[in-house]
Amino acid sequence: MAEFDLIVIGAGPGGYVCAIRAAQLGLRVAVAEGRETLGGTCLNIGCIPSKAFLHATHSLHEAQANFAKMGLIAPAPSVDWDRMRAYKDEVIGQNTGGVEFLFKKNKITWLKGWATIPAAGRVAVGEDTHTATTIVIASGSEPSALPGLEVDEKVIVTSTGALSLPRIPETLAVIGAGVIGLELGSVYARLGSKVTVIEYLDAITPGMDGEIARTLQRLLKRQGIDFVLGAAVQGASVAEGKATLAYRMRKDDSARSLEADCVLVATGRRPFTAGLGLDALGVALTPRGQIATDAAFRTNIPGIHAIGDVREGPMLAHKAEDEGIALAEIIAGRHGHVNYDVIPGVIYTTPEVAAVGLTEEALKARGQAYRVGKFSFMGNGRAKAMFAGDGFVKILADKETDRILGCHIIGPQAGELIHEVCVAMEFGAAAEDIARTCHAHPTVSEAVREAALACGDGPIHA
Ligand code: NAI
C-alpha cells in the first residue's frame, strides 16, 4: 500500500486547499513544499503582502486627502518604512502560520524540501522517496523574464523585490500596466515615488472592459501616476544604482529612454515547473509551457494531476483554490466541478476594480444582443459620505432573457460588491432578480441594485 493516498506538490492556495479538502474527506495526505513557510507565492510574496502595503498606503492617502475635510485635524502621518515592512512581514507570518496550524489540525504531513517525481506514484524530497496513489502538481508560477533586462531584485525588480525594497525609490518605472504593475505602482505613488507605467498595448489592463480600463487610467493619473502606452521596452542598463530604460514607441518606432531609481518588471508570469522532472516523465505541456490537463485536471500520465497557475486559465489564487477543492472531491470519488464562467477578478487599487463574466467587447465580438445597466457611485449616499463617488457599476444582461452575462465595477469596495453578482450568476439570475431584492440603506451595495434597475425601467437615484 502506498504511504499516502495523495501527495500535493506546492503549498500555495491551490495545493494547500486541495490538501485540506482531501484530508477532510478522509484521505491520507502529504504536501511537499520547499519554502521555509507554507502559503506559496500568494501568502509569502504576492497577494497578502501587497494587500498589507495597499491597506497601509490607502490609510495614508485617506489621512492626507480626506481627514481635514471630516474635521479630523492633525499633521499628516509620516512614513516609517522599516515599521511598514515589519507590519507586512507580521501579516505574512500570521497567514503562513495559519496554514501550518490547519495542516496540523487536518493531520497533513509537510514534506519539507523541493520535490521531484521520479515516476508516477513516487515523490522524492531531499534524500527520501515517498509513495502515493495520486500526485497533484500545484507548483504555481514565477515572473516572466523580459529580454534585455537582467533582474537583480535591487534596481531591476519583480514583484518579489518590489515588496522588500530597502528604501522608497524617488522614481519608479513600471513595465506592464497589468494587475501587478498597477497595484504596486499605486503603493509607491502613495508613498511619494514618481511612478511611470510603460505599457506595450494602447490600453491598460488587457482583457478588462474598455470603459472600466479608461476610467481606471484617468483616476490613477489623477493620483499622479504617468502612463506611456503603446511602448515596447527593449532593455535596461544599470549604473551607480540607477537604471536607464530603453523603449520604442510603436506608432512611429521612435526610440525613447527613461531613468529611474527602480524598475519593476510586471509583464506577466509563467508556469513554474523547473526541477519536477516532467521531461523525463513525459508529462505533456501546452505550447505556452503549461501542464496540459483535461477537465478533471488529469495530465497524460495516469495518477498525476495539475491545478492552479501551472495549468491553463487565469493565474488567480481563488481559481487555484477552486480547482484544489474540485480535484480533492474527484479523487475522493465525489463530483468536483469549477464554473469557469463565474470567476471574479479584482484589482486592489483605489478605487478597486472588480469584474465577473463577459465584457461588452466580448459580447459584441460574439454578436450577442445585450442590455447595459449603469449606475454611478455619485448617486450613492454612502459612497459620497466616504469621498468615494468616483466610478460606477455596470451590469450586462441578455437582451431577450435579462439573464446576467457580466458585471464590471470600479469604485468603493468593488472587490466585495462583485460577489452578490457572482452568486446571482451561479443561480442563472436575471438583472430583475437583483433589482427586486431589498438592499439595506445606506450601503454601497445599493449601487449594484441601481445598475440592475438600469437594465430595466431605470434606476431611482439617477
Ligand atoms: P499581466 O498579464 O496582468 O500584465 C502584463 C502587462 O505587461 C500587459 O498589459 C502586457 O501588455 C505588458 N507588457 C508585456 N511585455 C511588455 C513590454 N516589453 N513592454 C511594455 N509592456 C509589456 O501580468 P502581471 O501584472 O505581471 O500579473 C501576472 C499574473 O498575476 C496575472 O495573471 C495576474 O492576474 C496575477 N495577479 C493577480 C492579482 C489580483 O488578482 N489582484 C494581483 C497580482 C497578480
# chains A, B, ... in the order shown; residues from 1 in each chain; ligands from 1

$ residues_around --residues "segment 270-274 of chain A" --least-positions-apart "3" --cutoff "12 Å" --atoms "only C-alpha atoms" --output "ChimeraX atom specification"
/A:9-10,40-41,114-117,137-146,266-267,277-279,283-292,306-315

$ write_last_selection --atoms "C-alpha atoms" --output "PDB file, in the first residue's frame"
ATOM      1  CA  ILE A   9       3.498  19.376  -4.657  1.00  0.00           C
ATOM      2  CA  GLY A  10       3.309  23.030  -3.647  1.00  0.00           C
ATOM      3  CA  GLY A  40       3.148  29.795  -1.697  1.00  0.00           C
ATOM      4  CA  THR A  41       3.591  32.971  -3.706  1.00  0.00           C
ATOM      5  CA  TRP A 114      11.735  20.711  -3.231  1.00  0.00           C
ATOM      6  CA  ALA A 115      10.054  17.702  -4.817  1.00  0.00           C
ATOM      7  CA  THR A 116      10.880  15.673  -7.911  1.00  0.00           C
ATOM      8  CA  ILE A 117       8.669  12.998  -9.444  1.00  0.00           C
ATOM      9  CA  ILE A 137       1.255  19.257  -9.094  1.00  0.00           C
ATOM     10  CA  ALA A 138       0.388  22.690  -7.715  1.00  0.00           C
ATOM     11  CA  SER A 139       3.786  24.313  -8.200  1.00  0.00           C
ATOM     12  CA  GLY A 140       2.429  27.713  -9.280  1.00  0.00           C
ATOM     13  CA  SER A 141       4.149  30.360 -11.379  1.00  0.00           C
ATOM     14  CA  GLU A 142       7.129  32.716 -11.473  1.00  0.00           C
ATOM     15  CA  PRO A 143       7.637  36.139 -13.075  1.00  0.00           C
ATOM     16  CA  SER A 144       8.273  36.006 -16.838  1.00  0.00           C
ATOM     17  CA  ALA A 145      11.663  37.254 -17.964  1.00  0.00           C
ATOM     18  CA  LEU A 146      11.843  40.231 -20.334  1.00  0.00           C
ATOM     19  CA  ALA A 266       5.441  43.246 -14.300  1.00  0.00           C
ATOM     20  CA  THR A 267       4.933  41.738 -17.732  1.00  0.00           C
ATOM     21  CA  GLY A 277      11.352  16.039 -13.669  1.00  0.00           C
ATOM     22  CA  LEU A 278       8.433  16.442 -16.070  1.00  0.00           C
ATOM     23  CA  ASP A 279      10.585  15.920 -19.190  1.00  0.00           C
ATOM     24  CA  VAL A 283       4.317  14.920 -18.997  1.00  0.00           C
ATOM     25  CA  ALA A 284       2.756  16.819 -21.920  1.00  0.00           C
ATOM     26  CA  LEU A 285       2.887  20.631 -21.902  1.00  0.00           C
ATOM     27  CA  THR A 286       0.834  23.173 -23.854  1.00  0.00           C
ATOM     28  CA  PRO A 287       2.627  25.449 -26.366  1.00  0.00           C
ATOM     29  CA  ARG A 288       2.652  28.095 -23.579  1.00  0.00           C
ATOM     30  CA  GLY A 289       4.560  25.794 -21.218  1.00  0.00           C
ATOM     31  CA  GLN A 290       1.580  24.975 -19.005  1.00  0.00           C
ATOM     32  CA  ILE A 291       0.975  21.385 -17.903  1.00  0.00           C
ATOM     33  CA  ALA A 292      -1.663  20.019 -20.302  1.00  0.00           C
ATOM     34  CA  ALA A 306      -2.189  19.527 -12.038  1.00  0.00           C
ATOM     35  CA  ILE A 307      -4.062  22.578 -10.715  1.00  0.00           C
ATOM     36  CA  GLY A 308      -3.617  26.342 -10.415  1.00  0.00           C
ATOM     37  CA  ASP A 309      -1.160  28.634 -12.241  1.00  0.00           C
ATOM     38  CA  VAL A 310       0.771  25.683 -13.651  1.00  0.00           C
ATOM     39  CA  ARG A 311      -2.184  24.698 -15.882  1.00  0.00           C
ATOM     40  CA  GLU A 312      -4.328  26.812 -18.217  1.00  0.00           C
ATOM     41  CA  GLY A 313      -6.710  29.582 -17.111  1.00  0.00           C
ATOM     42  CA  PRO A 314      -6.375  32.860 -15.222  1.00  0.00           C
ATOM     43  CA  MET A 315      -3.468  32.976 -12.774  1.00  0.00           C
TER      44      MET A 315
END

$ closest_atom_pairs --of "chain A" --to "ligand 1" --cutoff "6 Å" --atoms "only C-alpha atoms and all ligand atoms" --output "tab-separated table"
residue	atom	partner	partner_atom_place_in_ligand_line	distance
A:Cys47	CA	ligand 1	42 (C)	5.8
A:Ile175	CA	ligand 1	20 (C)	5.2
A:Gly176	CA	ligand 1	7 (O)	3.2
A:Ala177	CA	ligand 1	9 (O)	4.7
A:Gly178	CA	ligand 1	4 (O)	3.3
A:Val179	CA	ligand 1	25 (O)	4.0
A:Ile180	CA	ligand 1	25 (O)	3.7
A:Gly181	CA	ligand 1	25 (O)	5.3
A:Ile198	CA	ligand 1	20 (C)	5.4
A:Glu199	CA	ligand 1	21 (N)	3.8
A:Tyr200	CA	ligand 1	21 (N)	3.8
A:Leu201	CA	ligand 1	11 (O)	5.2
A:Ile204	CA	ligand 1	9 (O)	6.0
A:Thr205	CA	ligand 1	9 (O)	5.4
A:Pro206	CA	ligand 1	9 (O)	5.4
A:Ala231	CA	ligand 1	20 (C)	5.9
A:Ala232	CA	ligand 1	19 (N)	4.1
A:Val233	CA	ligand 1	19 (N)	4.2
A:Ala266	CA	ligand 1	26 (O)	3.8
A:Thr267	CA	ligand 1	7 (O)	3.5
A:Gly268	CA	ligand 1	23 (O)	3.3
A:Arg269	CA	ligand 1	28 (C)	4.8
A:Pro314	CA	ligand 1	32 (O)	5.7
A:Met315	CA	ligand 1	32 (O)	4.2
A:Leu316	CA	ligand 1	40 (O)	5.6
A:Gly345	CA	ligand 1	40 (O)	5.7
A:Val346	CA	ligand 1	41 (N)	5.1
A:Ile347	CA	ligand 1	41 (N)	4.5
A:Tyr348	CA	ligand 1	41 (N)	5.9

$ write_last_selection --atoms "C-alpha atoms" --output "short mmCIF file (atom, residue, chain, number, x, y, z; two decimals), in the first residue's frame"
data_model
loop_
_atom_site.label_atom_id
_atom_site.label_comp_id
_atom_site.auth_asym_id
_atom_site.auth_seq_id
_atom_site.Cartn_x
_atom_site.Cartn_y
_atom_site.Cartn_z
CA CYS A 47 -1.44 38.79 -2.75
CA ILE A 175 6.90 47.86 -17.12
CA GLY A 176 3.42 46.48 -17.78
CA ALA A 177 0.05 48.03 -16.91
CA GLY A 178 -1.40 44.75 -15.68
CA VAL A 179 -2.60 43.88 -12.20
CA ILE A 180 0.82 43.72 -10.52
CA GLY A 181 2.10 46.92 -12.15
CA ILE A 198 5.16 51.81 -19.58
CA GLU A 199 2.74 49.51 -21.41
CA TYR A 200 3.10 47.75 -24.76
CA LEU A 201 -0.60 47.91 -25.66
CA ILE A 204 -4.11 49.37 -19.59
CA THR A 205 -5.29 46.08 -18.05
CA PRO A 206 -5.71 43.90 -21.15
CA ALA A 231 5.62 51.45 -25.93
CA ALA A 232 7.79 48.34 -26.15
CA VAL A 233 10.57 48.16 -23.56
CA ALA A 266 5.44 43.25 -14.30
CA THR A 267 4.93 41.74 -17.73
CA GLY A 268 3.20 38.54 -16.72
CA ARG A 269 4.00 35.22 -15.07
CA PRO A 314 -6.38 32.86 -15.22
CA MET A 315 -3.47 32.98 -12.77
CA LEU A 316 -5.62 33.75 -9.76
CA GLY A 345 -11.19 39.26 -10.90
CA VAL A 346 -10.22 42.14 -8.61
CA ILE A 347 -7.60 44.87 -8.80
CA TYR A 348 -6.94 46.33 -5.36
#

$ atom_distance --atom1 "atom CA of Leu163 of chain A" --atom2 "atom CA of Ala320 of chain A"
22.6 Å

$ closest_atom_pairs --of "segment 28-60 of chain A" --to "segment 81-86 of chain A" --cutoff "9 Å" --atoms "only C-alpha atoms" --output "JSON lines"
{"residue": "A:Ala52", "atom": "CA", "partner": "A:Met84", "partner_atom": "CA", "distance": 8.8}
{"residue": "A:Phe53", "atom": "CA", "partner": "A:Met84", "partner_atom": "CA", "distance": 7.6}
{"residue": "A:Ala56", "atom": "CA", "partner": "A:Met84", "partner_atom": "CA", "distance": 7.6}

$ write_last_selection --atoms "N, CA, C and O atoms" --output "PDB file, in the first residue's frame"
ATOM      1  N   ALA A  52      -1.228  44.172   2.366  1.00  0.00           N
ATOM      2  CA  ALA A  52      -0.796  44.894   3.571  1.00  0.00           C
ATOM      3  C   ALA A  52      -0.311  46.295   3.168  1.00  0.00           C
ATOM      4  O   ALA A  52      -0.719  47.299   3.760  1.00  0.00           O
ATOM      5  N   PHE A  53       0.535  46.364   2.139  1.00  0.00           N
ATOM      6  CA  PHE A  53       1.036  47.671   1.686  1.00  0.00           C
ATOM      7  C   PHE A  53      -0.098  48.534   1.126  1.00  0.00           C
ATOM      8  O   PHE A  53      -0.127  49.746   1.321  1.00  0.00           O
ATOM      9  N   ALA A  56      -2.015  49.915   4.090  1.00  0.00           N
ATOM     10  CA  ALA A  56      -1.262  50.959   4.810  1.00  0.00           C
ATOM     11  C   ALA A  56      -1.226  52.253   4.000  1.00  0.00           C
ATOM     12  O   ALA A  56      -1.463  53.345   4.538  1.00  0.00           O
TER      13      ALA A  56
END

$ residues_around --residues "Val136 of chain A" --least-positions-apart "2" --cutoff "10 Å" --atoms "only C-alpha atoms" --output "PyMOL selection string"
chain A and resi 6-10+14-15+18-19+31+134+138-139+297-299+303-307+324+327-328

$ write_last_selection --atoms "C-alpha atoms" --output "tab-separated table (two decimals), in the first residue's frame"
chain	number	residue	atom	x	y	z
A	6	LEU	CA	-2.28	11.88	-2.05
A	7	ILE	CA	0.92	13.91	-2.27
A	8	VAL	CA	0.45	17.52	-3.33
A	9	ILE	CA	3.50	19.38	-4.66
A	10	GLY	CA	3.31	23.03	-3.65
A	14	GLY	CA	-4.18	25.62	-4.93
A	15	GLY	CA	-2.08	22.98	-3.17
A	18	CYS	CA	-6.58	20.73	-2.13
A	19	ALA	CA	-4.71	19.02	0.73
A	31	VAL	CA	2.32	18.22	0.88
A	134	THR	CA	-2.23	10.17	-6.59
A	138	ALA	CA	0.39	22.69	-7.71
A	139	SER	CA	3.79	24.31	-8.20
A	297	PHE	CA	-7.17	18.03	-14.05
A	298	ARG	CA	-5.53	14.78	-15.30
A	299	THR	CA	-2.21	15.01	-17.11
A	303	GLY	CA	-2.10	9.24	-11.36
A	304	ILE	CA	-0.59	12.71	-11.93
A	305	HIS	CA	-2.83	15.77	-11.87
A	306	ALA	CA	-2.19	19.53	-12.04
A	307	ILE	CA	-4.06	22.58	-10.72
A	324	GLY	CA	-7.94	22.27	-5.49
A	327	LEU	CA	-9.88	17.85	-7.57
A	328	ALA	CA	-9.85	16.65	-3.94

$ atom_distance --atom1 "atom CA of Arg28 of chain A" --atom2 "atom CA of Asn44 of chain A"
26.2 Å

$ select_by_dssp --residues "segment 339-410 of chain A" --states "helix (DSSP H, G or I)" --output "list in words"
Glu360, Glu361, Ala362, Leu363, Lys364, Ala365, Arg366, Phe377, Met378, Gly379, Gly381, Arg382, Ala383, Lys384 and Ala385 of chain A

$ write_last_selection --atoms "C-alpha atoms" --output "short mmCIF file (atom, residue, chain, number, x, y, z; two decimals), in the first residue's frame"
data_model
loop_
_atom_site.label_atom_id
_atom_site.label_comp_id
_atom_site.auth_asym_id
_atom_site.auth_seq_id
_atom_site.Cartn_x
_atom_site.Cartn_y
_atom_site.Cartn_z
CA GLU A 360 -19.05 44.46 -23.59
CA GLU A 361 -16.23 43.89 -26.08
CA ALA A 362 -16.62 40.11 -25.77
CA LEU A 363 -20.41 40.33 -26.20
CA LYS A 364 -20.02 42.46 -29.34
CA ALA A 365 -17.48 40.00 -30.74
CA ARG A 366 -19.97 37.16 -30.14
CA PHE A 377 -21.35 55.97 -7.23
CA MET A 378 -22.02 59.75 -7.32
CA GLY A 379 -25.68 58.79 -6.86
CA GLY A 381 -25.22 58.35 -0.46
CA ARG A 382 -22.88 56.04 1.41
CA ALA A 383 -20.12 56.40 -1.21
CA LYS A 384 -20.43 60.20 -1.10
CA ALA A 385 -20.04 60.16 2.70
#

$ residues_around --residues "Phe4 of chain A" --least-positions-apart "6" --cutoff "8 Å" --atoms "only C-alpha atoms" --output "list of chain:residue names"
A:Leu27, A:Arg28, A:Val29, A:Ala30, A:His130, A:Thr131, A:Ala132, A:Thr133

$ write_last_selection --atoms "N, CA and C atoms" --output "PDB file, in the first residue's frame"
ATOM      1  N   LEU A  27      -8.769  11.250   3.262  1.00  0.00           N
ATOM      2  CA  LEU A  27      -7.564  10.733   2.600  1.00  0.00           C
ATOM      3  C   LEU A  27      -6.324  10.991   3.471  1.00  0.00           C
ATOM      4  N   ARG A  28      -5.300  10.153   3.283  1.00  0.00           N
ATOM      5  CA  ARG A  28      -4.001  10.344   3.953  1.00  0.00           C
ATOM      6  C   ARG A  28      -3.168  11.237   3.041  1.00  0.00           C
ATOM      7  N   VAL A  29      -2.850  12.442   3.526  1.00  0.00           N
ATOM      8  CA  VAL A  29      -2.319  13.483   2.635  1.00  0.00           C
ATOM      9  C   VAL A  29      -0.964  14.006   3.108  1.00  0.00           C
ATOM     10  N   ALA A  30      -0.064  14.222   2.134  1.00  0.00           N
ATOM     11  CA  ALA A  30       1.196  14.932   2.412  1.00  0.00           C
ATOM     12  C   ALA A  30       1.334  16.062   1.390  1.00  0.00           C
ATOM     13  N   HIS A 130       8.903   9.084  -1.333  1.00  0.00           N
ATOM     14  CA  HIS A 130       7.612   8.704  -0.738  1.00  0.00           C
ATOM     15  C   HIS A 130       6.713   8.141  -1.836  1.00  0.00           C
ATOM     16  N   THR A 131       5.751   7.329  -1.429  1.00  0.00           N
ATOM     17  CA  THR A 131       4.833   6.760  -2.413  1.00  0.00           C
ATOM     18  C   THR A 131       3.425   7.307  -2.179  1.00  0.00           C
ATOM     19  N   ALA A 132       2.694   7.459  -3.279  1.00  0.00           N
ATOM     20  CA  ALA A 132       1.333   7.990  -3.183  1.00  0.00           C
ATOM     21  C   ALA A 132       0.498   7.432  -4.332  1.00  0.00           C
ATOM     22  N   THR A 133      -0.772   7.175  -4.073  1.00  0.00           N
ATOM     23  CA  THR A 133      -1.660   6.699  -5.129  1.00  0.00           C
ATOM     24  C   THR A 133      -1.851   7.805  -6.171  1.00  0.00           C
TER      25      THR A 133
END

$ residues_around --residues "segment 409-421 of chain A" --least-positions-apart "2" --cutoff "9 Å" --atoms "only C-alpha atoms" --output "ChimeraX atom specification"
/A:212,215-216,344-348,350-356,376-377,383,386,388-395,404,406-407,423-426,429,434,444-445,448

$ residues_around --residues "segment 60-69 of chain A" --least-positions-apart "4" --cutoff "10 Å" --atoms "only C-alpha atoms" --output "count of residues only"
16

$ closest_residue --among "A:Tyr188, A:Tyr370, A:Tyr16, A:Phe427" --to "Ile225 of chain A" --atoms "only C-alpha atoms"
A:Tyr188

$ closest_residue --among "A:Ile48, A:Ala2, A:Ala124, A:Cys438" --to "Gly275 of chain A" --atoms "only C-alpha atoms"
A:Ala124

$ select_by_dssp --residues "segment 70-193 of chain A" --states "strand (DSSP E)" --output "PyMOL selection string"
chain A and resi 109-112+115-119+122-125+128-137+141-143+156-157+171-175

$ residues_around --residues "Arg334 of chain A" --least-positions-apart "2" --cutoff "12 Å" --atoms "only C-alpha atoms" --output "PyMOL selection string"
chain A and resi 21-22+25+296+325-332+336-337
